file structure.txt (compact mmCIF, C-alpha atoms)
# COMPACT_ATOMS: atom_id res chain seq x y z
CA MET A 24 -7.60 1.06 24.14
CA LYS A 25 -8.84 -2.43 24.92
CA SER A 26 -12.23 -1.59 23.41
CA LEU A 27 -10.61 -0.09 20.32
CA LEU A 28 -8.51 -3.20 19.77
CA TYR A 29 -11.63 -5.31 20.21
CA LYS A 30 -13.28 -3.25 17.47
CA GLU A 31 -10.24 -3.68 15.24
CA PHE A 32 -10.15 -7.46 15.46
CA ARG A 33 -13.89 -8.14 15.63
CA LEU A 34 -15.31 -5.47 13.31
CA ALA A 35 -12.66 -3.86 11.09
CA MET A 36 -10.57 -6.97 10.45
CA HIS A 37 -11.88 -8.77 7.38
CA PRO A 38 -11.52 -12.60 7.37
CA LEU A 39 -9.17 -12.23 4.39
CA CYS A 40 -6.75 -10.39 6.66
CA TYR A 41 -6.33 -13.60 8.65
CA VAL A 42 -5.91 -15.57 5.43
CA PHE A 43 -3.11 -13.28 4.26
CA THR A 44 -1.48 -13.41 7.69
CA LEU A 45 -1.67 -17.16 8.35
CA VAL A 46 -1.67 -18.77 4.90
CA PHE A 47 0.82 -16.90 2.74
CA PRO A 48 3.74 -17.40 5.18
CA LEU A 49 3.33 -21.11 4.34
CA MET A 50 4.95 -20.28 1.01
CA ILE A 51 8.21 -20.75 2.87
CA LEU A 52 7.62 -24.50 2.47
CA ILE A 53 7.85 -24.31 -1.34
CA PRO A 54 11.25 -25.76 -2.38
CA ASN A 55 13.57 -23.39 -4.26
CA PHE A 56 11.10 -20.53 -3.71
CA PRO A 57 12.42 -17.13 -2.51
CA LEU A 58 12.44 -17.47 1.24
CA PHE A 59 10.81 -14.22 2.31
CA ILE A 60 8.47 -13.56 -0.61
CA GLY A 61 5.58 -14.69 1.61
CA THR A 62 6.09 -11.65 3.82
CA LEU A 63 5.11 -9.45 0.87
CA TYR A 64 1.55 -10.76 0.85
CA ILE A 65 0.83 -9.36 4.29
CA ILE A 66 0.64 -5.89 2.71
CA PRO A 67 -2.62 -6.62 0.81
CA GLY A 68 -3.90 -7.99 4.11
CA PHE A 69 -3.72 -4.70 5.93
CA THR A 70 -4.81 -2.88 2.80
CA ILE A 71 -8.15 -4.61 3.32
CA LEU A 72 -8.04 -3.54 6.96
CA PHE A 73 -7.49 0.10 5.97
CA LEU A 74 -10.46 -0.07 3.63
CA GLY A 75 -12.60 -0.61 6.71
CA ALA A 76 -14.06 -3.65 5.01
CA ASN A 77 -16.23 -6.01 7.01
CA LYS A 78 -17.41 -9.10 5.14
CA GLY A 79 -16.82 -7.42 1.81
CA LYS A 80 -18.60 -4.12 2.52
CA GLN A 81 -16.88 -0.82 3.09
CA SER A 82 -17.98 0.43 6.48
CA ASN A 83 -16.26 3.85 6.54
CA ASP A 84 -14.43 2.74 9.65
CA LEU A 85 -12.25 5.83 10.06
CA PHE A 86 -15.18 8.26 10.00
CA TYR A 87 -17.08 6.06 12.46
CA SER A 88 -14.07 5.89 14.79
CA ALA A 89 -13.59 9.65 14.62
CA LEU A 90 -17.16 10.15 15.87
CA LEU A 91 -16.49 8.10 18.98
CA PRO A 92 -15.61 9.90 22.25
CA ILE A 93 -11.94 8.98 21.95
CA ARG A 94 -8.72 10.72 21.01
CA LYS A 95 -7.77 10.58 17.35
CA LYS A 96 -4.28 9.43 18.24
CA ASP A 97 -5.81 6.35 19.89
CA ILE A 98 -7.43 5.49 16.55
CA VAL A 99 -3.99 5.50 14.95
CA LYS A 100 -2.47 3.55 17.84
CA ALA A 101 -5.10 0.80 17.67
CA ARG A 102 -4.71 0.46 13.91
CA LEU A 103 -0.93 0.40 14.11
CA MET A 104 -1.05 -2.26 16.82
CA SER A 105 -3.38 -4.31 14.61
CA VAL A 106 -0.98 -4.08 11.67
CA MET A 107 2.00 -4.93 13.86
CA ALA A 108 0.14 -7.97 15.18
CA MET A 109 -0.41 -9.17 11.61
CA GLU A 110 3.23 -8.64 10.71
CA MET A 111 4.57 -10.42 13.77
CA MET A 112 2.14 -13.32 13.40
CA ALA A 113 3.29 -13.81 9.80
CA LEU A 114 6.94 -13.93 10.86
CA ILE A 115 6.13 -16.29 13.74
CA MET A 116 4.35 -18.59 11.28
CA MET A 117 7.41 -18.57 9.03
CA GLY A 118 9.68 -19.33 11.97
CA ILE A 119 7.50 -22.27 12.99
CA MET A 120 7.44 -23.62 9.42
CA TYR A 121 11.16 -23.19 8.72
CA PRO A 122 12.28 -26.46 10.37
CA LEU A 123 9.68 -28.28 8.28
CA LYS A 124 11.08 -26.59 5.18
CA LEU A 125 14.52 -28.01 6.00
CA VAL A 126 13.03 -31.48 6.39
CA ILE A 127 11.25 -31.20 3.04
CA GLU A 128 14.36 -30.01 1.23
CA ALA A 129 16.51 -32.68 2.90
CA SER A 130 14.17 -35.33 1.46
CA MET A 131 14.61 -33.91 -2.04
CA PRO A 132 18.24 -34.39 -3.18
CA GLU A 133 17.60 -32.50 -6.38
CA VAL A 134 16.74 -29.33 -4.45
CA THR A 135 19.54 -26.86 -3.75
CA SER A 136 18.27 -24.04 -1.61
CA PRO A 137 19.73 -20.60 -2.42
CA PHE A 138 19.49 -19.66 1.24
CA PRO A 139 21.74 -21.05 3.99
CA THR A 140 20.33 -22.63 7.12
CA ASN A 141 22.27 -20.28 9.37
CA GLY A 142 20.98 -17.18 7.57
CA ILE A 143 17.37 -17.34 8.72
CA ILE A 144 17.96 -14.96 11.63
CA SER A 145 19.36 -12.25 9.36
CA GLY A 146 16.42 -12.83 7.03
CA PHE A 147 13.96 -12.09 9.81
CA ALA A 148 15.91 -8.95 10.70
CA PHE A 149 15.67 -7.75 7.12
CA ALA A 150 11.93 -8.47 6.94
CA ILE A 151 11.28 -6.58 10.19
CA VAL A 152 13.08 -3.50 8.90
CA GLY A 153 11.07 -3.74 5.68
CA TYR A 154 7.82 -3.69 7.63
CA VAL A 155 8.84 -0.44 9.35
CA LEU A 156 9.34 1.09 5.92
CA VAL A 157 5.91 -0.04 4.70
CA ASN A 158 4.18 1.09 7.90
CA ALA A 159 5.69 4.55 7.57
CA ILE A 160 4.52 4.88 3.97
CA TYR A 161 1.06 3.50 4.67
CA PHE A 162 0.22 5.38 7.83
CA LEU A 163 1.65 8.75 6.88
CA MET A 164 0.03 8.75 3.45
CA PHE A 165 -3.34 7.38 4.53
CA TYR A 166 -3.90 9.55 7.59
CA LYS A 167 -2.90 12.68 5.72
CA SER A 168 -6.32 12.60 4.02
CA GLY A 169 -8.04 9.60 5.58
CA ARG A 170 -9.55 8.59 2.25
CA SER A 171 -7.67 6.62 -0.38
CA VAL A 172 -5.51 3.54 0.17
CA THR A 173 -4.55 3.24 -3.50
CA ALA A 174 -1.37 5.30 -3.38
CA PRO A 175 -0.18 3.87 -0.03
CA THR A 176 -0.81 0.35 -1.36
CA LEU A 177 1.08 0.84 -4.60
CA ILE A 178 4.00 2.77 -3.11
CA GLY A 179 4.22 0.58 0.00
CA THR A 180 4.13 -2.65 -1.99
CA PHE A 181 6.66 -1.39 -4.53
CA SER A 182 8.97 -0.26 -1.73
CA TYR A 183 8.83 -3.65 -0.06
CA VAL A 184 9.49 -5.39 -3.39
CA ILE A 185 12.61 -3.25 -3.80
CA HIS A 186 13.54 -4.08 -0.22
CA ILE A 187 13.28 -7.82 -0.97
CA LEU A 188 15.26 -7.43 -4.19
CA ILE A 189 18.05 -5.71 -2.28
CA PHE A 190 18.10 -8.59 0.19
CA THR A 191 18.04 -11.33 -2.44
CA SER A 192 20.67 -9.54 -4.53
CA ILE A 193 23.20 -10.02 -1.74
CA LEU A 194 22.53 -13.77 -1.75
CA PRO A 195 24.58 -15.41 -4.49
CA ALA A 196 24.15 -19.02 -5.51
CA TYR A 197 24.47 -21.09 -2.37
CA ASP A 198 24.93 -24.85 -2.12
CA SER A 199 22.89 -25.84 0.93
CA LYS A 200 24.04 -29.47 0.66
CA SER A 201 27.71 -28.63 1.13
CA ASN A 202 26.88 -25.55 3.21
CA THR A 203 29.15 -23.32 1.13
CA ALA A 204 28.66 -20.13 -0.85
CA LEU A 205 29.39 -20.35 -4.56
CA ALA A 206 30.11 -16.64 -4.97
CA PRO A 207 31.48 -13.85 -2.77
CA GLY A 208 29.72 -10.62 -1.92
CA PHE A 209 28.12 -8.57 0.81
CA TYR A 210 26.28 -11.78 1.52
CA HIS A 211 29.22 -12.99 3.62
CA ALA A 212 28.99 -9.98 5.90
CA PHE A 213 25.25 -10.30 6.37
CA VAL A 214 24.33 -13.97 6.26
CA ASP A 215 27.27 -16.35 6.21
CA ILE A 216 28.48 -15.36 9.66
CA ASN A 217 28.33 -16.50 13.25
CA PRO A 218 24.70 -16.91 14.42
CA GLY A 219 25.57 -14.80 17.46
CA ILE A 220 26.27 -11.82 15.19
CA GLN A 221 22.99 -12.46 13.43
CA VAL A 222 21.19 -12.29 16.77
CA ILE A 223 22.69 -8.81 17.18
CA TYR A 224 21.32 -7.92 13.73
CA LEU A 225 17.91 -9.16 14.82
CA ALA A 226 18.06 -7.23 18.11
CA VAL A 227 18.94 -4.03 16.24
CA ALA A 228 16.10 -4.68 13.78
CA ILE A 229 13.62 -5.12 16.63
CA VAL A 230 14.74 -1.86 18.22
CA LEU A 231 14.37 -0.10 14.85
CA TYR A 232 10.94 -1.68 14.45
CA LEU A 233 9.71 -0.46 17.84
CA VAL A 234 11.25 3.01 17.63
CA GLY A 235 10.28 3.41 13.99
CA ASN A 236 6.66 2.45 14.59
CA TYR A 237 6.48 4.78 17.58
CA LEU A 238 7.64 7.66 15.38
CA VAL A 239 5.15 6.59 12.71
CA TYR A 240 2.39 6.64 15.34
CA LYS A 241 3.34 10.15 16.50
CA LYS A 242 3.55 11.60 12.99
CA ALA A 243 0.43 9.82 11.69
CA SER A 244 -1.51 11.06 14.73
CA GLN A 245 -0.55 14.62 13.85
CA GLU A 246 -1.65 14.06 10.25
CA LEU A 247 -5.03 12.70 11.38
CA GLU A 248 -5.60 15.69 13.66
CA HIS A 249 -5.45 17.99 10.63
CA ALA A 250 -7.21 15.69 8.15
CA ASP A 251 -10.60 16.78 6.81
CA LEU A 252 -12.72 13.63 7.16
call {"tool": "encode", "arguments": {"input": "structure.txt", "output": "structure tokens"}}
result
Amino acid sequence: MKSLLYKEFRLAMHPLCYVFTLVFPLMILIPNFPLFIGTLYIIPGFTILFLGANKGKQSNDLFYSALLPIRKKDIVKARLMSVMAMEMMALIMMGIMYPLKLVIEASMPEVTSPFPTNGIISGFAFAIVGYVLVNAIYFLMFYKSGRSVTAPTLIGTFSYVIHILIFTSILPAYDSKSNTALAPGFYHAFVDINPGIQVIYLAVAIVLYLVGNYLVYKKASQELEHADL
């Protein structure tokens, strides 16, 4: 597994994957910009990874990996671990940048953030659950044939966009200066609550992420076993 992961990060991972993972989360610093829209741009990052692209050239990575003296399920495991690493690194980057975002917005009196300071934990929980959804779509669709990433990309991206819209729809106008919500809604049950409850949300999301990705790995491995490469 160590050698497979080495191949993933040194051969299969295109430099643009790192750009998508490390740069787009910086969008969190843009004042009045939707807080978690940067997490969406990680999806094109692992689309490039699934293409098997190395420095702009398709290398037919899956066929090459299948010829190696390894189990097919280890191919899926290494790829899933690579994708999960990209997702978690993006969220870590956003977490590191969030205090700076607060400083920037505090220095701009005209900016009224639509997202409360104490809602960041719930936001991360929602993003983590969204990534499980995208991983399931991507891995199950791709490894069924092992060929095209077009349909997984379109459906996975669209699903995550809907996921974000659901999240933002429960966030009414919020006055970050006075720390009060300007409209009621499900928002109060999900965001404007005790941070301790939000930590529970995050813990549940992490469990769902781990269990969900394990199930994705098991099912995608079965699909790859029967795929005609």
call {"tool": "closest_residue", "arguments": {"input": "structure.txt", "among": "A:Phe32, A:His249, A:Pro218, A:Tyr154", "to": "Tyr232 in chain A", "atoms": "only C-alpha atoms"}}
result
A:Tyr154
call {"tool": "atom_distance", "arguments": {"input": "structure.txt", "atom1": "CA of Asp84 in chain A", "atom2": "CA of Met24 in chain A"}}
result
16.1 Å
call {"tool": "residues_around", "arguments": {"input": "structure.txt", "residues": "Lys96 in chain A", "least_positions_apart": "5", "cutoff": "12 Å", "atoms": "only C-alpha atoms", "output": "number ranges by chain"}}
result
A: 24, 27, 85, 88-89, 101-103, 166, 237, 239-249
call {"tool": "closest_residue", "arguments": {"input": "structure.txt", "among": "A:Ile143, A:Ile98, A:Leu114, A:Met36", "to": "Phe69 in chain A", "atoms": "only C-alpha atoms"}}
result
A:Met36
call {"tool": "atom_distance", "arguments": {"input": "structure.txt", "atom1": "CA of Leu163 in chain A", "atom2": "CA of Ile178 in chain A"}}
result
11.9 Å
call {"tool": "closest_residue", "arguments": {"input": "structure.txt", "among": "A:Leu34, A:Leu188, A:Val99, A:Ile119", "to": "Tyr161 in chain A", "atoms": "all atoms listed in the file"}}
result
A:Val99
call {"tool": "closest_residue", "arguments": {"input": "structure.txt", "among": "A:Met120, A:Met112, A:Ala250, A:Ile160", "to": "Ala174 in chain A", "atoms": "only C-alpha atoms"}}
result
A:Ile160
call {"tool": "closest_residue", "arguments": {"input": "structure.txt", "among": "A:Lys30, A:Met107, A:Leu125, A:Arg170", "to": "Leu91 in chain A", "atoms": "all atoms listed in the file"}}
result
A:Lys30
call {"tool": "atom_distance", "arguments": {"input": "structure.txt", "atom1": "CA of Ser171 in chain A", "atom2": "CA of Ile93 in chain A"}}
result
22.9 Å
call {"tool": "residues_near_point", "arguments": {"input": "structure.txt", "point": "(3.8, -3.9, -1.3)", "cutoff": "10 Å", "atoms": "only C-alpha atoms", "output": "PyMOL selection string"}}
result
chain A and resi 62-67+70+154+157+161+175-186
call {"tool": "closest_residue", "arguments": {"input": "structure.txt", "among": "A:Leu45, A:Gly169, A:Val126, A:Leu39", "to": "Lys95 in chain A", "atoms": "all atoms listed in the file"}}
result
A:Gly169
